[in-house]
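What follows is a set of notes on a single structure, which appears directly below.
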Amino acid sequence: NFEPNVKIKNTDLNMAAPETLLKLSDVTLRYDSGAGPVEVLKGVSLEVKGGESLAIIGPSGSGKSTLLNVIGTLDRPASGLVALAGEDLSQLNDVQLASVRNNRIGFIFQAHYLLPQCTVLENVLVPTLPGGKSDSREKAPERAQRLLKRVGLGDRTHHRPGQLSGGERQRTAVVRALINQPQLLLADEPTGSLDRASAQELATLLLELNREEGVTLIVVTHALDLAHKMGRVLELNDGRLTQAT
Ligand code: ADP
Ligand code: MG
């Protein structure tokens with residue numbers, strides 16, 4: 001008779017539950033202004049599950065970009081914990097952090113930061129150049145073509161940024177951010193330089209990519225209509241994160 005020697009534990013039954021991808025615990029950060037240190041993040045705690053879409057809103061100067069930079073390992077917090085997929089980022093050296101930034105996190109900013117002399121295809125392949133994820137590098141051209149087609153740029157691959165509309169440039173930046181198959185996509189005011197129609201289109205696209213590519217999405221935005229398309233909205237106020245009302 002077959003006797004299972006391992007009993008099914010309660011935790012095994014929860015396997016399908018999404019794991020925490022990102023965890024911040026009591027994160028603080030201060031800048032040194034001329035008039036002394038200014039505390040921008042005053043104990044931010046946050047847990048984001050894999051596959052979630054999250055918007056962060058809040059007044060100008062409330063620290064939204066700073067928070068995104070801490071999550072994206074561009075800034076180190078003064079205190080507190082930042083963990084990506086269970087790994088404490090404060091334990092990593094600069095080379096390891098650079099690899100996390102290039103391979104596991106995608107960034108989109110208000111400005112597209114595309115290389116003006118390079119084509120759309122060349123631009124989106126930049127993160128796969130030596131230093132990029134090696135398994136991603138081999139399949140990168142194929143993946144680039146697929147994603148460019150997906151975002152409606154299939155016939156723009158050999159254009160240069162100067163020949164594109166604002167929306168097309170931002171969509172190129174989105175593909176570049178996704179080319180190494182990051183776990184986390186961070187977008188800081190991604191629609192800030194777009195007209196209303198292009199902004200709506202980009203917001204919808206980000207959400208679709210969140211679902212289709214399985215990338216966890218955190219968007220900082222002023223645009224409340226965009227924010228409320230996301231699965232969850234949090235507000236940064238006076239250096240603290242609260243549920244948006
Ligand atoms: P938000 O993105 O919400 O507008 P930021 O994160 O850019 O806010 O900035 C939060 C505060 O930190 C602001 O008061 C800003 O002036 C200050 N700040 C941002 N970056 C720096 C820096 N590198 N040095 C000093 N102060 C900064
Ligand atoms: Mg900002």
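Ordering of the structure tokens sets the chain letters (A, B, ...), residue numbers begin anew at 1 in every chain, and ligands are numbered from 1 in the order given.
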- Task: Compile the contact shell of A:Gln181 as a list of chain:residue names: residues with an atom at most 9 Å away, counting only C-alpha atoms, same-chain residues fewer than 6 positions apart removed.
- Result: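 After dropping sequence-adjacent residues, the list is A:Asn103, A:Arg104, A:Ile105, A:Gly106, A:Ser136, A:Glu213, A:Val215.
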For the residues in the current selection, export C-alpha atoms as a PDB file, in the first residue's frame.
ATOM      1  CA  ASN A 103      18.286  42.691 -15.858  1.00  0.00           C
ATOM      2  CA  ARG A 104      15.551  42.558 -13.237  1.00  0.00           C
ATOM      3  CA  ILE A 105      14.115  46.065 -13.266  1.00  0.00           C
ATOM      4  CA  GLY A 106      12.873  48.102 -16.213  1.00  0.00           C
ATOM      5  CA  SER A 136      18.138  37.147 -23.018  1.00  0.00           C
ATOM      6  CA  GLU A 213       4.256  39.737 -19.947  1.00  0.00           C
ATOM      7  CA  VAL A 215       5.729  42.076 -15.267  1.00  0.00           C
TER       8      VAL A 215
END
Mind listing the residues within 12 Å of ligand 2, only C-alpha atoms and all ligand atoms counted, as a compact mmCIF listing (two decimals) with N, CA and C atoms, in the first residue's frame?
# COMPACT_ATOMS: atom_id res chain seq x y z
N ILE A 56 1.36 55.14 -7.66
CA ILE A 56 1.71 55.99 -6.53
C ILE A 56 1.46 57.43 -6.94
N ILE A 57 0.57 58.09 -6.20
CA ILE A 57 0.26 59.49 -6.47
C ILE A 57 0.77 60.33 -5.30
N GLY A 58 0.58 61.63 -5.40
CA GLY A 58 1.02 62.51 -4.31
C GLY A 58 1.48 63.83 -4.88
N PRO A 59 1.47 64.87 -4.02
CA PRO A 59 1.84 66.20 -4.50
C PRO A 59 3.27 66.26 -5.01
N SER A 60 3.53 67.24 -5.82
CA SER A 60 4.87 67.48 -6.34
C SER A 60 5.81 67.73 -5.15
N GLY A 61 6.97 67.10 -5.18
CA GLY A 61 7.94 67.27 -4.11
C GLY A 61 7.72 66.35 -2.93
N SER A 62 6.71 65.46 -3.02
CA SER A 62 6.42 64.58 -1.88
C SER A 62 7.37 63.39 -1.80
N GLY A 63 8.23 63.22 -2.81
CA GLY A 63 9.22 62.14 -2.73
C GLY A 63 8.92 60.94 -3.61
N LYS A 64 8.00 61.09 -4.56
CA LYS A 64 7.60 59.96 -5.42
C LYS A 64 8.79 59.45 -6.25
N SER A 65 9.51 60.37 -6.88
CA SER A 65 10.66 59.95 -7.70
C SER A 65 11.75 59.35 -6.81
N THR A 66 11.94 59.95 -5.65
CA THR A 66 12.94 59.43 -4.71
C THR A 66 12.59 58.00 -4.31
N LEU A 67 11.31 57.75 -4.02
CA LEU A 67 10.88 56.41 -3.64
C LEU A 67 11.12 55.42 -4.79
N LEU A 68 10.78 55.84 -6.00
CA LEU A 68 10.98 54.96 -7.15
C LEU A 68 12.48 54.68 -7.37
N ASN A 69 13.30 55.70 -7.13
CA ASN A 69 14.75 55.51 -7.28
C ASN A 69 15.32 54.56 -6.23
N PHE A 109 10.82 56.77 -17.84
CA PHE A 109 10.76 58.10 -17.23
C PHE A 109 9.87 59.01 -18.07
N GLN A 110 9.67 60.24 -17.58
CA GLN A 110 8.89 61.20 -18.35
C GLN A 110 9.59 61.51 -19.67
N ALA A 111 10.93 61.64 -19.62
CA ALA A 111 11.73 61.81 -20.85
C ALA A 111 12.14 60.41 -21.31
N ALA A 187 7.74 53.09 -13.62
CA ALA A 187 7.46 54.18 -14.55
C ALA A 187 7.24 55.47 -13.76
N ASP A 188 8.09 56.46 -14.00
CA ASP A 188 8.00 57.73 -13.29
C ASP A 188 7.38 58.79 -14.21
N GLU A 189 6.14 59.12 -13.97
CA GLU A 189 5.40 60.08 -14.80
C GLU A 189 5.53 59.74 -16.29
N PRO A 190 5.22 58.51 -16.68
CA PRO A 190 5.50 58.08 -18.06
C PRO A 190 4.67 58.82 -19.11
N GLY A 192 3.78 62.06 -18.71
CA GLY A 192 3.91 63.49 -18.39
C GLY A 192 4.18 64.39 -19.59
N VAL A 219 3.67 52.55 -11.13
CA VAL A 219 3.60 53.79 -11.90
C VAL A 219 3.43 54.98 -10.97
N VAL A 220 4.33 55.94 -11.07
CA VAL A 220 4.16 57.20 -10.38
C VAL A 220 3.49 58.16 -11.34
N THR A 221 2.42 58.80 -10.91
CA THR A 221 1.72 59.68 -11.85
C THR A 221 0.92 60.77 -11.17
N HIS A 222 0.80 61.88 -11.89
CA HIS A 222 -0.08 62.96 -11.48
C HIS A 222 -1.50 62.72 -11.99
N LEU A 236 1.62 59.16 -1.57
CA LEU A 236 2.77 59.58 -0.76
C LEU A 236 2.50 60.99 -0.27
- Query: Between A:Thr172, A:Leu186, A:Thr73, A:Arg240, which has the minimum distance to A:Gln96 (counting only C-alpha atoms)?
  - Reply: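 Of A:Thr172, A:Leu186, A:Thr73, A:Arg240, the one nearest A:Gln96 is A:Thr73, counting only C-alpha atoms.
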- In stretch 19-240 of chain A, DSSP strand (DSSP E) residues written as a PyMOL selection string: chain A and resi 20-33+36-49+53-57+79-84+87-88+105-108+184-188+216-220+232-237+240
- Using only C-alpha atoms and all ligand atoms, the best pick from A:Lys42, A:Asp26, A:Ala199, A:Leu209 as closest to ligand 1 would be A:Lys42
Quick one: residues within 10 Å of A:Tyr113, only C-alpha atoms, excluding same-chain residues fewer than 6 positions away - as a PDB file with N, CA and C atoms, in the first residue's frame?
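See result_22.pdb below for the written result:
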ATOM      1  N   ASN A 123      17.997  51.013 -30.267  1.00  0.00           N
ATOM      2  CA  ASN A 123      17.727  51.560 -28.937  1.00  0.00           C
ATOM      3  C   ASN A 123      17.184  50.510 -27.976  1.00  0.00           C
ATOM      4  N   PRO A 161      14.680  58.200 -33.317  1.00  0.00           N
ATOM      5  CA  PRO A 161      13.737  58.861 -32.405  1.00  0.00           C
ATOM      6  C   PRO A 161      13.186  60.179 -32.936  1.00  0.00           C
ATOM      7  N   ARG A 169       7.811  57.414 -29.268  1.00  0.00           N
ATOM      8  CA  ARG A 169       9.093  57.422 -28.541  1.00  0.00           C
ATOM      9  C   ARG A 169       8.924  56.756 -27.169  1.00  0.00           C
ATOM     10  N   GLN A 170       7.815  57.084 -26.490  1.00  0.00           N
ATOM     11  CA  GLN A 170       7.588  56.493 -25.171  1.00  0.00           C
ATOM     12  C   GLN A 170       7.357  54.986 -25.295  1.00  0.00           C
ATOM     13  N   ALA A 173      10.606  53.359 -25.529  1.00  0.00           N
ATOM     14  CA  ALA A 173      11.222  53.280 -24.197  1.00  0.00           C
ATOM     15  C   ALA A 173      10.619  52.122 -23.386  1.00  0.00           C
TER      16      ALA A 173
END
- Go through A:Leu241, A:Val48, A:Leu164, A:Ala98 one by one, measure the shortest atom-to-atom distance of each to ligand 1 using only C-alpha atoms and all ligand atoms, and give the residue with the smallest value. A:Leu241
